[in-house]
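Q: This is my_file_10.cif (mmCIF, C-alpha atoms (C1' of nucleotides)).
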```cif
data_structure
#
loop_
_atom_site.label_atom_id
_atom_site.label_comp_id
_atom_site.auth_asym_id
_atom_site.auth_seq_id
_atom_site.Cartn_x
_atom_site.Cartn_y
_atom_site.Cartn_z
CA MET A 1 29.11 -28.50 72.68
CA ALA A 2 25.39 -28.12 72.62
CA ALA A 3 25.03 -28.77 76.32
CA ASN A 4 21.66 -30.31 77.04
CA SER A 5 19.49 -30.31 80.13
CA ARG A 6 18.56 -33.99 80.22
CA LEU A 7 20.41 -34.72 83.42
CA THR A 8 18.90 -31.61 85.01
CA ILE A 9 15.37 -32.60 84.00
CA ALA A 10 15.76 -36.20 85.12
CA VAL A 11 17.29 -35.33 88.50
CA HIS A 12 14.64 -32.69 89.10
CA ALA A 13 11.87 -35.18 88.30
CA LEU A 14 13.33 -37.88 90.54
CA THR A 15 13.91 -35.51 93.43
CA TRP A 16 10.37 -34.21 93.21
CA ILE A 17 8.94 -37.72 93.16
CA ALA A 18 11.10 -38.59 96.18
CA LEU A 19 9.79 -35.58 98.10
CA ALA A 20 6.17 -36.36 97.20
CA GLN A 21 6.57 -39.92 98.39
CA ARG A 22 8.06 -38.77 101.67
CA ARG A 23 4.96 -36.62 102.03
CA GLY A 24 2.76 -39.66 101.43
CA GLN A 25 1.91 -39.30 97.76
CA GLU A 26 2.95 -42.58 96.21
CA TRP A 27 2.18 -42.00 92.51
CA LEU A 28 2.76 -38.82 90.48
CA THR A 29 1.54 -38.18 86.94
CA SER A 30 3.77 -36.71 84.28
CA GLU A 31 1.59 -33.58 84.43
CA GLN A 32 2.35 -33.15 88.11
CA VAL A 33 6.07 -33.55 87.55
CA ALA A 34 5.96 -31.22 84.56
CA ALA A 35 4.36 -28.56 86.72
CA SER A 36 7.43 -28.43 88.95
CA VAL A 37 10.02 -28.68 86.18
CA ASN A 38 7.99 -26.19 84.14
CA THR A 39 8.04 -28.02 80.85
CA ASN A 40 5.76 -30.14 78.70
CA ALA A 41 4.49 -33.44 80.10
CA VAL A 42 5.78 -35.32 77.05
CA ILE A 43 9.32 -34.22 77.89
CA ILE A 44 8.83 -35.69 81.37
CA ARG A 45 7.38 -38.91 80.02
CA ARG A 46 10.37 -39.30 77.73
CA SER A 47 12.80 -38.65 80.57
CA LEU A 48 11.03 -40.92 83.05
CA GLY A 49 10.83 -43.55 80.32
CA ASP A 50 14.64 -43.55 80.18
CA LEU A 51 14.77 -43.88 83.95
CA ARG A 52 12.27 -46.73 83.87
CA ARG A 53 14.35 -48.64 81.33
CA ALA A 54 17.30 -48.19 83.70
CA GLY A 55 15.26 -49.58 86.58
CA LEU A 56 15.20 -46.38 88.60
CA VAL A 57 11.44 -45.68 88.52
CA GLU A 58 8.26 -47.67 88.08
CA VAL A 59 5.21 -46.79 86.06
CA ARG A 60 1.60 -47.75 86.63
CA HIS A 61 -1.06 -47.67 83.92
CA GLY A 62 -4.81 -47.42 83.96
CA ALA A 63 -6.86 -45.40 86.42
CA GLY A 64 -4.69 -43.84 89.13
CA ALA A 65 -1.68 -44.18 86.85
CA GLY A 66 1.64 -42.45 87.46
CA TRP A 67 5.29 -42.77 88.42
CA SER A 68 7.00 -43.97 91.54
CA MET A 69 10.57 -44.61 92.72
CA ALA A 70 11.84 -48.13 92.06
CA ARG A 71 14.57 -47.70 94.71
CA ALA A 72 15.29 -45.61 97.76
CA PRO A 73 16.63 -42.10 96.93
CA GLU A 74 19.80 -43.02 98.85
CA ASP A 75 20.45 -45.80 96.35
CA ILE A 76 20.25 -43.74 93.18
CA THR A 77 23.36 -41.78 92.22
CA LEU A 78 23.53 -39.05 89.62
CA LEU A 79 25.88 -41.33 87.70
CA GLN A 80 23.08 -43.84 87.26
CA VAL A 81 20.79 -41.05 86.10
CA TYR A 82 23.48 -39.79 83.74
CA ASP A 83 23.89 -43.23 82.21
CA ALA A 84 20.14 -43.58 81.88
CA VAL A 85 19.51 -40.36 79.97
CA GLU A 86 22.77 -39.49 78.18
CA ARG A 87 23.73 -41.24 75.00
CA GLU A 88 26.44 -39.19 73.30
CA PRO A 89 30.10 -39.33 74.36
CA LEU A 90 31.60 -36.13 75.75
CA PHE A 91 34.08 -35.58 72.93
CA ALA A 92 33.69 -36.43 69.27
CA MET A 93 36.46 -37.62 66.98
CA HIS A 94 37.00 -36.06 63.54
CA HIS A 95 33.93 -35.79 61.31
CA THR A 96 35.97 -37.10 58.40
CA GLU A 97 38.76 -39.63 58.68
CA PRO A 98 42.11 -37.85 59.18
CA ASN A 99 44.88 -38.19 56.61
CA LEU A 100 46.34 -41.66 57.16
CA GLU A 101 49.54 -40.76 55.33
CA CYS A 102 50.42 -38.41 58.16
CA PRO A 103 51.84 -40.05 61.31
CA ILE A 104 49.54 -37.94 63.46
CA GLY A 105 46.52 -38.68 61.32
CA ARG A 106 47.30 -42.38 61.60
CA GLY A 107 47.93 -42.49 65.33
CA ILE A 108 45.83 -39.86 67.01
CA ARG A 109 42.45 -41.51 67.25
CA PRO A 110 43.33 -44.33 69.66
CA VAL A 111 45.48 -41.91 71.67
CA LEU A 112 42.63 -39.46 72.07
CA GLY A 113 40.25 -42.31 72.74
CA THR A 114 42.31 -43.28 75.78
CA VAL A 115 42.50 -39.70 77.04
CA TYR A 116 38.78 -39.14 76.57
CA GLU A 117 38.06 -42.37 78.37
CA ARG A 118 40.06 -41.21 81.39
CA ALA A 119 38.36 -37.81 81.36
CA ASP A 120 34.98 -39.52 81.23
CA GLN A 121 35.95 -41.66 84.22
CA GLY A 122 36.92 -38.54 86.15
CA LEU A 123 33.52 -37.02 85.46
CA ARG A 124 31.69 -40.21 86.37
CA ARG A 125 33.59 -40.69 89.62
CA GLU A 126 32.26 -37.33 90.82
CA LEU A 127 28.69 -37.93 89.62
CA GLY A 128 28.75 -41.21 91.52
CA ARG A 129 29.37 -39.39 94.80
CA THR A 130 25.97 -37.68 94.90
CA SER A 131 22.62 -39.41 95.42
CA ILE A 132 19.07 -38.23 94.87
CA ALA A 133 18.74 -38.21 98.67
CA ASP A 134 21.67 -35.75 98.83
CA VAL A 135 20.04 -33.50 96.25
CA LEU A 136 16.72 -33.62 98.11
CA ARG A 137 18.36 -32.77 101.43
CA ASP A 138 20.30 -29.84 99.93
CA CYS A 139 17.18 -28.50 98.22
CA LEU A 140 15.34 -28.14 101.51
CA MET B 141 24.57 -33.75 73.89
CA ALA B 142 25.73 -32.75 70.47
CA ALA B 143 29.32 -33.70 71.17
CA ASN B 144 31.69 -31.60 69.11
CA SER B 145 35.18 -32.29 67.79
CA ARG B 146 36.85 -29.01 68.73
CA LEU B 147 39.21 -30.55 71.24
CA THR B 148 40.08 -33.29 68.77
CA ILE B 149 40.80 -30.80 65.99
CA ALA B 150 42.87 -28.51 68.21
CA VAL B 151 44.96 -31.30 69.72
CA HIS B 152 45.54 -32.82 66.29
CA ALA B 153 46.69 -29.46 64.90
CA LEU B 154 49.01 -28.79 67.83
CA THR B 155 50.53 -32.25 67.73
CA TRP B 156 51.16 -32.02 64.03
CA ILE B 157 52.82 -28.61 64.40
CA ALA B 158 54.96 -30.03 67.22
CA LEU B 159 56.08 -32.92 65.02
CA ALA B 160 56.86 -30.62 62.08
CA GLN B 161 58.96 -28.40 64.29
CA ARG B 162 60.89 -31.35 65.64
CA ARG B 163 61.60 -32.20 62.00
CA GLY B 164 62.90 -28.67 61.40
CA GLN B 165 59.88 -26.99 59.84
CA GLU B 166 59.27 -23.94 62.00
CA TRP B 167 56.11 -22.47 60.41
CA LEU B 168 53.08 -24.34 59.07
CA THR B 169 50.20 -22.80 57.09
CA SER B 170 46.59 -23.56 57.87
CA GLU B 171 46.44 -25.44 54.57
CA GLN B 172 49.23 -27.74 55.66
CA VAL B 173 47.56 -28.44 58.98
CA ALA B 174 44.20 -28.94 57.27
CA ALA B 175 45.76 -31.57 55.02
CA SER B 176 46.56 -33.74 58.03
CA VAL B 177 43.30 -33.16 59.91
CA ASN B 178 41.41 -33.57 56.63
CA THR B 179 39.14 -30.58 56.94
CA ASN B 180 38.80 -27.06 55.58
CA ALA B 181 41.61 -24.56 56.26
CA VAL B 182 39.13 -22.07 57.74
CA ILE B 183 38.22 -24.58 60.44
CA ILE B 184 41.91 -24.82 61.30
CA ARG B 185 42.38 -21.05 61.31
CA ARG B 186 39.47 -20.69 63.71
CA SER B 187 40.81 -23.38 66.00
CA LEU B 188 44.37 -22.06 65.94
CA GLY B 189 42.97 -18.57 66.50
CA ASP B 190 41.48 -19.82 69.78
CA LEU B 191 44.82 -21.35 70.71
CA ARG B 192 46.61 -18.10 69.86
CA ARG B 193 44.32 -16.10 72.12
CA ALA B 194 45.16 -18.57 74.88
CA GLY B 195 48.88 -18.06 74.27
CA LEU B 196 49.56 -21.60 73.06
CA VAL B 197 50.60 -20.84 69.48
CA GLU B 198 52.02 -17.89 67.55
CA VAL B 199 51.03 -16.62 64.15
CA ARG B 200 53.15 -14.80 61.54
CA HIS B 201 51.64 -12.71 58.75
CA GLY B 202 52.88 -11.64 55.33
CA ALA B 203 55.04 -13.71 53.04
CA GLY B 204 56.17 -16.95 54.69
CA ALA B 205 53.26 -16.71 57.08
CA GLY B 206 52.09 -19.57 59.27
CA TRP B 207 51.72 -21.01 62.73
CA SER B 208 54.24 -22.08 65.34
CA MET B 209 54.20 -23.33 68.94
CA ALA B 210 54.38 -20.60 71.57
CA ARG B 211 55.54 -23.12 74.21
CA ALA B 212 57.22 -26.48 74.38
CA PRO B 213 54.84 -29.42 73.78
CA GLU B 214 55.67 -30.65 77.30
CA ASP B 215 54.22 -27.44 78.71
CA ILE B 216 50.82 -27.61 77.01
CA THR B 217 48.19 -29.83 78.64
CA LEU B 218 44.94 -30.93 77.06
CA LEU B 219 43.21 -28.99 79.82
CA GLN B 220 44.69 -25.77 78.48
CA VAL B 221 43.55 -26.72 74.99
CA TYR B 222 40.10 -27.58 76.32
CA ASP B 223 39.80 -24.20 78.01
CA ALA B 224 40.98 -22.48 74.85
CA VAL B 225 38.45 -24.04 72.48
CA GLU B 226 35.44 -25.02 74.58
CA ARG B 227 32.92 -22.43 75.64
CA GLU B 228 29.78 -24.25 76.72
CA PRO B 229 29.41 -25.88 80.15
CA LEU B 230 28.99 -29.67 80.22
CA PHE B 231 25.46 -29.64 81.61
CA ALA B 232 22.72 -27.11 81.02
CA MET B 233 20.16 -26.01 83.58
CA HIS B 234 16.44 -25.87 82.70
CA HIS B 235 15.52 -24.01 79.52
CA THR B 236 12.72 -22.27 81.36
CA GLU B 237 12.81 -21.29 85.01
CA PRO B 238 11.41 -24.10 87.19
CA ASN B 239 8.32 -23.57 89.31
CA LEU B 240 9.48 -21.48 92.27
CA GLU B 241 6.43 -22.44 94.30
CA CYS B 242 7.77 -25.99 94.50
CA PRO B 243 10.54 -26.60 97.05
CA ILE B 244 12.52 -28.54 94.47
CA GLY B 245 11.99 -25.89 91.80
CA ARG B 246 13.24 -23.28 94.24
CA GLY B 247 16.28 -25.13 95.49
CA ILE B 248 17.57 -27.37 92.75
CA ARG B 249 19.56 -25.00 90.62
CA PRO B 250 22.30 -24.11 93.11
CA VAL B 251 22.44 -27.75 94.23
CA LEU B 252 22.96 -28.98 90.68
CA GLY B 253 25.39 -26.13 90.06
CA THR B 254 27.61 -27.47 92.82
CA VAL B 255 27.41 -31.05 91.58
CA TYR B 256 28.14 -30.03 88.00
CA GLU B 257 31.09 -27.97 89.18
CA ARG B 258 32.58 -31.00 90.93
CA ALA B 259 32.00 -33.18 87.86
CA ASP B 260 33.71 -30.58 85.70
CA GLN B 261 36.68 -30.55 88.08
CA GLY B 262 36.94 -34.32 87.82
CA LEU B 263 37.06 -34.09 84.04
CA ARG B 264 39.59 -31.28 84.10
CA ARG B 265 41.88 -33.05 86.53
CA GLU B 266 42.26 -35.88 84.05
CA LEU B 267 42.71 -33.63 81.02
CA GLY B 268 45.47 -31.83 82.92
CA ARG B 269 47.48 -35.04 83.21
CA THR B 270 48.20 -35.33 79.48
CA SER B 271 50.45 -32.99 77.47
CA ILE B 272 50.85 -32.47 73.73
CA ALA B 273 54.24 -34.13 74.11
CA ASP B 274 52.50 -37.20 75.53
CA VAL B 275 50.09 -37.31 72.62
CA LEU B 276 52.93 -36.93 70.12
CA ARG B 277 54.94 -39.73 71.73
CA ASP B 278 51.96 -42.09 71.77
CA CYS B 279 51.14 -41.32 68.14
CA LEU B 280 54.53 -42.51 66.96
"C1'" DC C 281 56.73 0.50 47.61
"C1'" DC C 282 54.57 -3.14 45.61
"C1'" DT C 283 53.70 -7.85 44.87
"C1'" DT C 284 52.39 -12.14 46.79
"C1'" DG C 285 50.68 -15.48 49.86
"C1'" DC C 286 48.50 -16.28 53.97
"C1'" DT C 287 45.65 -14.81 57.94
"C1'" DG C 288 41.18 -13.22 60.05
"C1'" DT C 289 36.52 -13.15 59.62
"C1'" DA C 290 31.94 -12.47 57.60
"C1'" DA C 291 28.24 -14.70 55.15
"C1'" DT C 292 25.91 -18.63 53.87
"C1'" DA C 293 24.45 -23.49 53.61
"C1'" DA C 294 23.72 -28.19 55.14
"C1'" DT C 295 23.10 -31.14 58.78
"C1'" DG C 296 21.99 -32.73 63.28
"C1'" DT C 297 20.23 -32.28 68.05
"C1'" DA C 298 17.26 -30.41 71.75
"C1'" DT C 299 13.05 -28.95 73.12
"C1'" DG C 300 8.26 -28.14 72.69
"C1'" DT C 301 3.59 -29.37 71.04
"C1'" DT C 302 -0.38 -31.94 69.19
"C1'" DA C 303 -2.48 -36.13 68.40
"C1'" DC C 304 -3.79 -40.63 69.23
"C1'" DA C 305 -3.51 -45.69 70.13
"C1'" DT C 306 -2.90 -48.44 74.21
"C1'" DC C 307 -3.37 -49.84 78.80
"C1'" DC C 308 -5.54 -51.05 83.19
"C1'" DA C 309 -7.55 -50.01 87.98
"C1'" DA C 310 -11.89 -49.11 89.55
"C1'" DT D 311 -16.81 -50.88 80.47
"C1'" DT D 312 -14.80 -46.58 81.06
"C1'" DG D 313 -11.91 -42.72 82.15
"C1'" DG D 314 -7.59 -40.96 82.73
"C1'" DA D 315 -2.85 -41.47 82.02
"C1'" DT D 316 1.03 -43.54 79.46
"C1'" DG D 317 3.97 -44.36 75.16
"C1'" DT D 318 5.19 -42.67 71.00
"C1'" DA D 319 4.87 -40.74 66.38
"C1'" DA D 320 4.90 -36.59 63.73
"C1'" DC D 321 6.00 -32.14 63.21
"C1'" DA D 322 7.87 -27.31 64.27
"C1'" DT D 323 11.29 -24.23 66.02
"C1'" DA D 324 15.60 -22.91 67.52
"C1'" DC D 325 20.30 -23.44 67.76
"C1'" DA D 326 25.13 -25.58 67.27
"C1'" DT D 327 28.49 -27.61 64.35
"C1'" DT D 328 30.97 -28.14 60.30
"C1'" DA D 329 31.94 -26.87 55.72
"C1'" DT D 330 32.69 -23.53 52.07
"C1'" DT D 331 33.29 -19.17 49.47
"C1'" DA D 332 34.76 -14.62 49.47
"C1'" DC D 333 37.50 -10.89 50.54
"C1'" DA D 334 39.91 -7.24 53.31
"C1'" DG D 335 44.24 -6.76 55.82
"C1'" DC D 336 48.86 -7.73 56.82
"C1'" DA D 337 53.97 -8.03 56.19
"C1'" DA D 338 58.25 -10.24 54.25
"C1'" DG D 339 61.09 -9.87 50.42
"C1'" DG D 340 62.15 -8.37 46.14
#
```
Written as C-alpha cells, that's how I'd like the structure from this file.

A:
Amino acid sequence: MAANSRLTIAVHALTWIALAQRRGQEWLTSEQVAASVNTNAVIIRRSLGDLRRAGLVEVRHGAGAGWSMARAPEDITLLQVYDAVEREPLFAMHHTEPNLECPIGRGIRPVLGTVYERADQGLRRELGRTSIADVLRDCL
Amino acid sequence: MAANSRLTIAVHALTWIALAQRRGQEWLTSEQVAASVNTNAVIIRRSLGDLRRAGLVEVRHGAGAGWSMARAPEDITLLQVYDAVEREPLFAMHHTEPNLECPIGRGIRPVLGTVYERADQGLRRELGRTSIADVLRDCL
DNA sequence: CCTTGCTGTAATAATGTATGTTACATCCAA
DNA sequence: TTGGATGTAACATACATTATTACAGCAAGG
C-alpha cells in the first residue's frame, strides 16, 4: 500500500505542542510546528485541522493566533490521532465485483470483511496503549 | 493510505484453487483464476508469483500448465499470504528528515518505530488466526 | 524434435493519492 | 482598524495501483 505519513505528522505536531506548553508557551503557530516537522505550514494546518475536528486541539484566530492542546497529553492516545487523520481502511476489496457465479466470488467479500475487521481491531488495540505523554517522555 | 487489494486478490485466488482441488481439478491456469476474481490474468500471475516465491503454491510449465497448492489449505494463514504479497510498512515516517535541533525532531523516529512495530504485531496476530481452509469453509 | 498453450515479465497507460506550494479570503485580539 | 495567522482552494509533482498488450521462454505430449 502507499503508506502515508499522516499519523507520523500528527503525532509529531501534538508532541511538540505538548512540550512547548510544558515549557510555558501556550500557543504555537503552524509555522512553528512546521519548523520542527520540517514540512510546509499548510500540511500542518491540514493535519491540525483534522485533530481540531476530533476535539484534540484548539485553535485561536486573530492576533496571537495559534494552536493549543484541548486535552492533557496523558488523555490522548495514538488511536484517537489515528482515527482523526486516517480515512481509508487498511485493506481494499476487489476493484471490480468478483464473479458471482463462482462460489468463492459470491461468498468471499463478507468473509474477508470479518477478517479485516478483526485485524483492524488488533492494530487499534495496540495504538490505544500509547499516549502523547508516552511519546513525549520517550523522546526526551 | 491508498489501500490496495493485493491481500484480497491473493486470498481469493488461493481459496478458489483450494476449492477446485477439492473438486478434483489439480491444476488451474491464471485465466481460470482470473475469471473468478474478475480481473486480468497478468494480475493473477503476478500475485501467484509472489505466493510461489513464498512457497505457498506450485507452478507447472509447458502443456497442461497451471497452478496448484504447495500446502494444505489448513496450513496457510492469511498472515503468510500478507507477508508474501505486501511490501510496504503500514505507517511511513516523515518524507523529509525532521528538524534535529528540536528535541522532538531528534527523538521521535525511534519512538514511533517502536509503536508502529507493536501495532503491526497486533495486526499480524489476528491475520495469523485465519487459514485458507477457514475462508473456504465460510464462503460455502 | 516440434508444436502448442501457458507462464514470467517488460512496457505502457489510466487513475488515484500524498505531499508540497502559492494565493487569498476570513477572522479576531490588541 | 489593523496585522498576523488560519482555512482552504487550486495546482504541480511524484508515486502506487490496476489494467492491458506483447512477447520470450518453458515443457508436456504427440

Q: What gap, in Å, lies between CA of Val85 in chain A and CA of Ala10 in chain A?

A: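 Value for the CA of Val85 in chain A-CA of Ala10 in chain A distance: 7.6 Å.
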
Q: Hand me chain A as it sits after a least-squares fit onto chain B over every Cα, paired in order, written as an mmCIF file with C-alpha atoms, keeping the file's coordinate frame.

A:
```cif
data_model
loop_
_atom_site.group_PDB
_atom_site.id
_atom_site.type_symbol
_atom_site.label_atom_id
_atom_site.label_comp_id
_atom_site.auth_asym_id
_atom_site.auth_seq_id
_atom_site.Cartn_x
_atom_site.Cartn_y
_atom_site.Cartn_z
ATOM 1 C CA MET A 1 24.628 -33.595 73.992
ATOM 2 C CA ALA A 2 25.784 -32.602 70.577
ATOM 3 C CA ALA A 3 29.349 -33.659 71.222
ATOM 4 C CA ASN A 4 31.711 -31.578 69.140
ATOM 5 C CA SER A 5 35.176 -32.263 67.804
ATOM 6 C CA ARG A 6 36.842 -28.977 68.722
ATOM 7 C CA LEU A 7 39.205 -30.496 71.233
ATOM 8 C CA THR A 8 40.070 -33.256 68.761
ATOM 9 C CA ILE A 9 40.800 -30.769 65.978
ATOM 10 C CA ALA A 10 42.859 -28.477 68.187
ATOM 11 C CA VAL A 11 44.948 -31.277 69.709
ATOM 12 C CA HIS A 12 45.523 -32.804 66.290
ATOM 13 C CA ALA A 13 46.673 -29.448 64.901
ATOM 14 C CA LEU A 14 49.013 -28.778 67.818
ATOM 15 C CA THR A 15 50.508 -32.252 67.733
ATOM 16 C CA TRP A 16 51.147 -31.999 64.019
ATOM 17 C CA ILE A 17 52.814 -28.616 64.399
ATOM 18 C CA ALA A 18 54.957 -30.042 67.212
ATOM 19 C CA LEU A 19 56.070 -32.942 65.018
ATOM 20 C CA ALA A 20 56.856 -30.647 62.080
ATOM 21 C CA GLN A 21 58.959 -28.424 64.291
ATOM 22 C CA ARG A 22 60.880 -31.392 65.631
ATOM 23 C CA ARG A 23 61.575 -32.254 62.006
ATOM 24 C CA GLY A 24 62.881 -28.736 61.402
ATOM 25 C CA GLN A 25 59.876 -27.041 59.847
ATOM 26 C CA GLU A 26 59.273 -23.999 61.998
ATOM 27 C CA TRP A 27 56.139 -22.498 60.405
ATOM 28 C CA LEU A 28 53.083 -24.357 59.072
ATOM 29 C CA THR A 29 50.229 -22.824 57.089
ATOM 30 C CA SER A 30 46.616 -23.560 57.870
ATOM 31 C CA GLU A 31 46.464 -25.441 54.552
ATOM 32 C CA GLN A 32 49.240 -27.755 55.664
ATOM 33 C CA VAL A 33 47.552 -28.445 58.978
ATOM 34 C CA ALA A 34 44.201 -28.929 57.271
ATOM 35 C CA ALA A 35 45.746 -31.554 55.030
ATOM 36 C CA SER A 36 46.535 -33.745 58.029
ATOM 37 C CA VAL A 37 43.282 -33.147 59.902
ATOM 38 C CA ASN A 38 41.392 -33.543 56.623
ATOM 39 C CA THR A 39 39.140 -30.542 56.933
ATOM 40 C CA ASN A 40 38.814 -27.032 55.558
ATOM 41 C CA ALA A 41 41.612 -24.546 56.236
ATOM 42 C CA VAL A 42 39.139 -22.041 57.688
ATOM 43 C CA ILE A 43 38.220 -24.543 60.398
ATOM 44 C CA ILE A 44 41.920 -24.783 61.272
ATOM 45 C CA ARG A 45 42.366 -21.029 61.269
ATOM 46 C CA ARG A 46 39.434 -20.676 63.639
ATOM 47 C CA SER A 47 40.806 -23.354 65.949
ATOM 48 C CA LEU A 48 44.370 -22.039 65.907
ATOM 49 C CA GLY A 49 42.967 -18.557 66.471
ATOM 50 C CA ASP A 50 41.475 -19.799 69.752
ATOM 51 C CA LEU A 51 44.815 -21.318 70.686
ATOM 52 C CA ARG A 52 46.616 -18.094 69.826
ATOM 53 C CA ARG A 53 44.312 -16.070 72.067
ATOM 54 C CA ALA A 54 45.156 -18.546 74.838
ATOM 55 C CA GLY A 55 48.866 -18.043 74.224
ATOM 56 C CA LEU A 56 49.552 -21.573 73.044
ATOM 57 C CA VAL A 57 50.596 -20.819 69.442
ATOM 58 C CA GLU A 58 52.036 -17.898 67.528
ATOM 59 C CA VAL A 59 51.078 -16.637 64.115
ATOM 60 C CA ARG A 60 53.199 -14.877 61.529
ATOM 61 C CA HIS A 61 51.774 -12.777 58.704
ATOM 62 C CA GLY A 62 53.072 -11.714 55.341
ATOM 63 C CA ALA A 63 55.258 -13.800 53.060
ATOM 64 C CA GLY A 64 56.301 -17.074 54.699
ATOM 65 C CA ALA A 65 53.353 -16.773 57.064
ATOM 66 C CA GLY A 66 52.100 -19.608 59.250
ATOM 67 C CA TRP A 67 51.730 -21.042 62.736
ATOM 68 C CA SER A 68 54.234 -22.091 65.330
ATOM 69 C CA MET A 69 54.193 -23.338 68.934
ATOM 70 C CA ALA A 70 54.362 -20.591 71.554
ATOM 71 C CA ARG A 71 55.535 -23.104 74.193
ATOM 72 C CA ALA A 72 57.214 -26.471 74.388
ATOM 73 C CA PRO A 73 54.815 -29.416 73.774
ATOM 74 C CA GLU A 74 55.656 -30.639 77.292
ATOM 75 C CA ASP A 75 54.198 -27.433 78.704
ATOM 76 C CA ILE A 76 50.814 -27.582 77.012
ATOM 77 C CA THR A 77 48.194 -29.807 78.631
ATOM 78 C CA LEU A 78 44.944 -30.894 77.050
ATOM 79 C CA LEU A 79 43.208 -28.948 79.808
ATOM 80 C CA GLN A 80 44.688 -25.732 78.465
ATOM 81 C CA VAL A 81 43.553 -26.691 74.977
ATOM 82 C CA TYR A 82 40.107 -27.552 76.308
ATOM 83 C CA ASP A 83 39.802 -24.172 77.990
ATOM 84 C CA ALA A 84 40.983 -22.447 74.840
ATOM 85 C CA VAL A 85 38.454 -23.980 72.460
ATOM 86 C CA GLU A 86 35.430 -24.981 74.567
ATOM 87 C CA ARG A 87 32.919 -22.408 75.650
ATOM 88 C CA GLU A 88 29.769 -24.227 76.748
ATOM 89 C CA PRO A 89 29.421 -25.858 80.177
ATOM 90 C CA LEU A 90 28.998 -29.632 80.239
ATOM 91 C CA PHE A 91 25.469 -29.627 81.636
ATOM 92 C CA ALA A 92 22.720 -27.105 81.044
ATOM 93 C CA MET A 93 20.140 -26.023 83.594
ATOM 94 C CA HIS A 94 16.426 -25.892 82.729
ATOM 95 C CA HIS A 95 15.501 -24.028 79.544
ATOM 96 C CA THR A 96 12.686 -22.311 81.407
ATOM 97 C CA GLU A 97 12.788 -21.329 85.053
ATOM 98 C CA PRO A 98 11.411 -24.164 87.222
ATOM 99 C CA ASN A 99 8.298 -23.647 89.328
ATOM 100 C CA LEU A 100 9.433 -21.565 92.303
ATOM 101 C CA GLU A 101 6.385 -22.552 94.338
ATOM 102 C CA CYS A 102 7.727 -26.084 94.512
ATOM 103 C CA PRO A 103 10.511 -26.688 97.064
ATOM 104 C CA ILE A 104 12.487 -28.619 94.469
ATOM 105 C CA GLY A 105 11.966 -25.988 91.813
ATOM 106 C CA ARG A 106 13.189 -23.360 94.258
ATOM 107 C CA GLY A 107 16.240 -25.212 95.516
ATOM 108 C CA ILE A 108 17.559 -27.419 92.771
ATOM 109 C CA ARG A 109 19.545 -25.022 90.646
ATOM 110 C CA PRO A 110 22.283 -24.133 93.146
ATOM 111 C CA VAL A 111 22.431 -27.779 94.244
ATOM 112 C CA LEU A 112 22.969 -28.990 90.705
ATOM 113 C CA GLY A 113 25.378 -26.153 90.081
ATOM 114 C CA THR A 114 27.608 -27.473 92.858
ATOM 115 C CA VAL A 115 27.415 -31.048 91.584
ATOM 116 C CA TYR A 116 28.154 -30.013 88.013
ATOM 117 C CA GLU A 117 31.077 -27.958 89.206
ATOM 118 C CA ARG A 118 32.586 -30.989 90.939
ATOM 119 C CA ALA A 119 32.013 -33.172 87.879
ATOM 120 C CA ASP A 120 33.698 -30.555 85.717
ATOM 121 C CA GLN A 121 36.675 -30.521 88.082
ATOM 122 C CA GLY A 122 36.940 -34.298 87.818
ATOM 123 C CA LEU A 123 37.046 -34.055 84.039
ATOM 124 C CA ARG A 124 39.581 -31.240 84.094
ATOM 125 C CA ARG A 125 41.885 -33.003 86.541
ATOM 126 C CA GLU A 126 42.261 -35.849 84.040
ATOM 127 C CA LEU A 127 42.707 -33.579 81.008
ATOM 128 C CA GLY A 128 45.453 -31.797 82.919
ATOM 129 C CA ARG A 129 47.459 -35.015 83.193
ATOM 130 C CA THR A 130 48.186 -35.294 79.467
ATOM 131 C CA SER A 131 50.432 -32.971 77.455
ATOM 132 C CA ILE A 132 50.829 -32.464 73.729
ATOM 133 C CA ALA A 133 54.242 -34.125 74.107
ATOM 134 C CA ASP A 134 52.489 -37.215 75.536
ATOM 135 C CA VAL A 135 50.068 -37.302 72.619
ATOM 136 C CA LEU A 136 52.918 -36.926 70.124
ATOM 137 C CA ARG A 137 54.923 -39.719 71.741
ATOM 138 C CA ASP A 138 51.924 -42.086 71.798
ATOM 139 C CA CYS A 139 51.104 -41.320 68.165
ATOM 140 C CA LEU A 140 54.501 -42.505 66.984
#
```

Q: At most 6 Å is the cut-off: for each residue in chain D with any atom that close to an atom of chain A, write down the nearest atom pair and the distance in Å rounded to one decimal, counting all atoms listed in the file, chain first then increasing number, as a tab-separated table.

A:
```
residue	atom	partner	partner_atom	distance
D:DG314	C1'	A:Ala63	CA	5.8
D:DA315	C1'	A:Ala65	CA	5.7
D:DA326	C1'	A:Ala2	CA	5.9
```

Q: Between C:DA305, C:DA298, C:DC282, C:DA290, which has the minimum distance to chain A (counting all atoms listed in the file)?

A: C:DA298

Q: Give the residues of chain C that lie within 9 Å of chain A; count all atoms listed in the file, and format the answer as a list in words.

A: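 Here is what falls inside 9 Å: DT297, DA298, DT299, DG300, DT301, DC307, DC308, DA309 and DA310 of chain C.
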
Q: Which residues fall under the PyMOL selection byres ((chain A) within 8 of (chain B)) in this file, as a ChimeraX atom specification?

A: /A:1-5,7-9,12,15-16,35-39,86-100,102-108,111-112,115,118-127,130,135-136,138-140

Q: Starting from the displayed file, determine the output of the PyMOL selection byres ((chain B and resi 211) around 12) and express the residue list as a ChimeraX atom specification.

A: /B:154,157-158,161,191-192,194-198,208-210,212-217,220,271-273

Q: May I have the selected residues written with C-alpha atoms, as a compact mmCIF listing (two decimals), keeping the file's coordinate frame?

A:
```
# COMPACT_ATOMS: atom_id res chain seq x y z
CA LEU B 154 49.01 -28.79 67.83
CA ILE B 157 52.82 -28.61 64.40
CA ALA B 158 54.96 -30.03 67.22
CA GLN B 161 58.96 -28.40 64.29
CA LEU B 191 44.82 -21.35 70.71
CA ARG B 192 46.61 -18.10 69.86
CA ALA B 194 45.16 -18.57 74.88
CA GLY B 195 48.88 -18.06 74.27
CA LEU B 196 49.56 -21.60 73.06
CA VAL B 197 50.60 -20.84 69.48
CA GLU B 198 52.02 -17.89 67.55
CA SER B 208 54.24 -22.08 65.34
CA MET B 209 54.20 -23.33 68.94
CA ALA B 210 54.38 -20.60 71.57
CA ALA B 212 57.22 -26.48 74.38
CA PRO B 213 54.84 -29.42 73.78
CA GLU B 214 55.67 -30.65 77.30
CA ASP B 215 54.22 -27.44 78.71
CA ILE B 216 50.82 -27.61 77.01
CA THR B 217 48.19 -29.83 78.64
CA GLN B 220 44.69 -25.77 78.48
CA SER B 271 50.45 -32.99 77.47
CA ILE B 272 50.85 -32.47 73.73
CA ALA B 273 54.24 -34.13 74.11
```
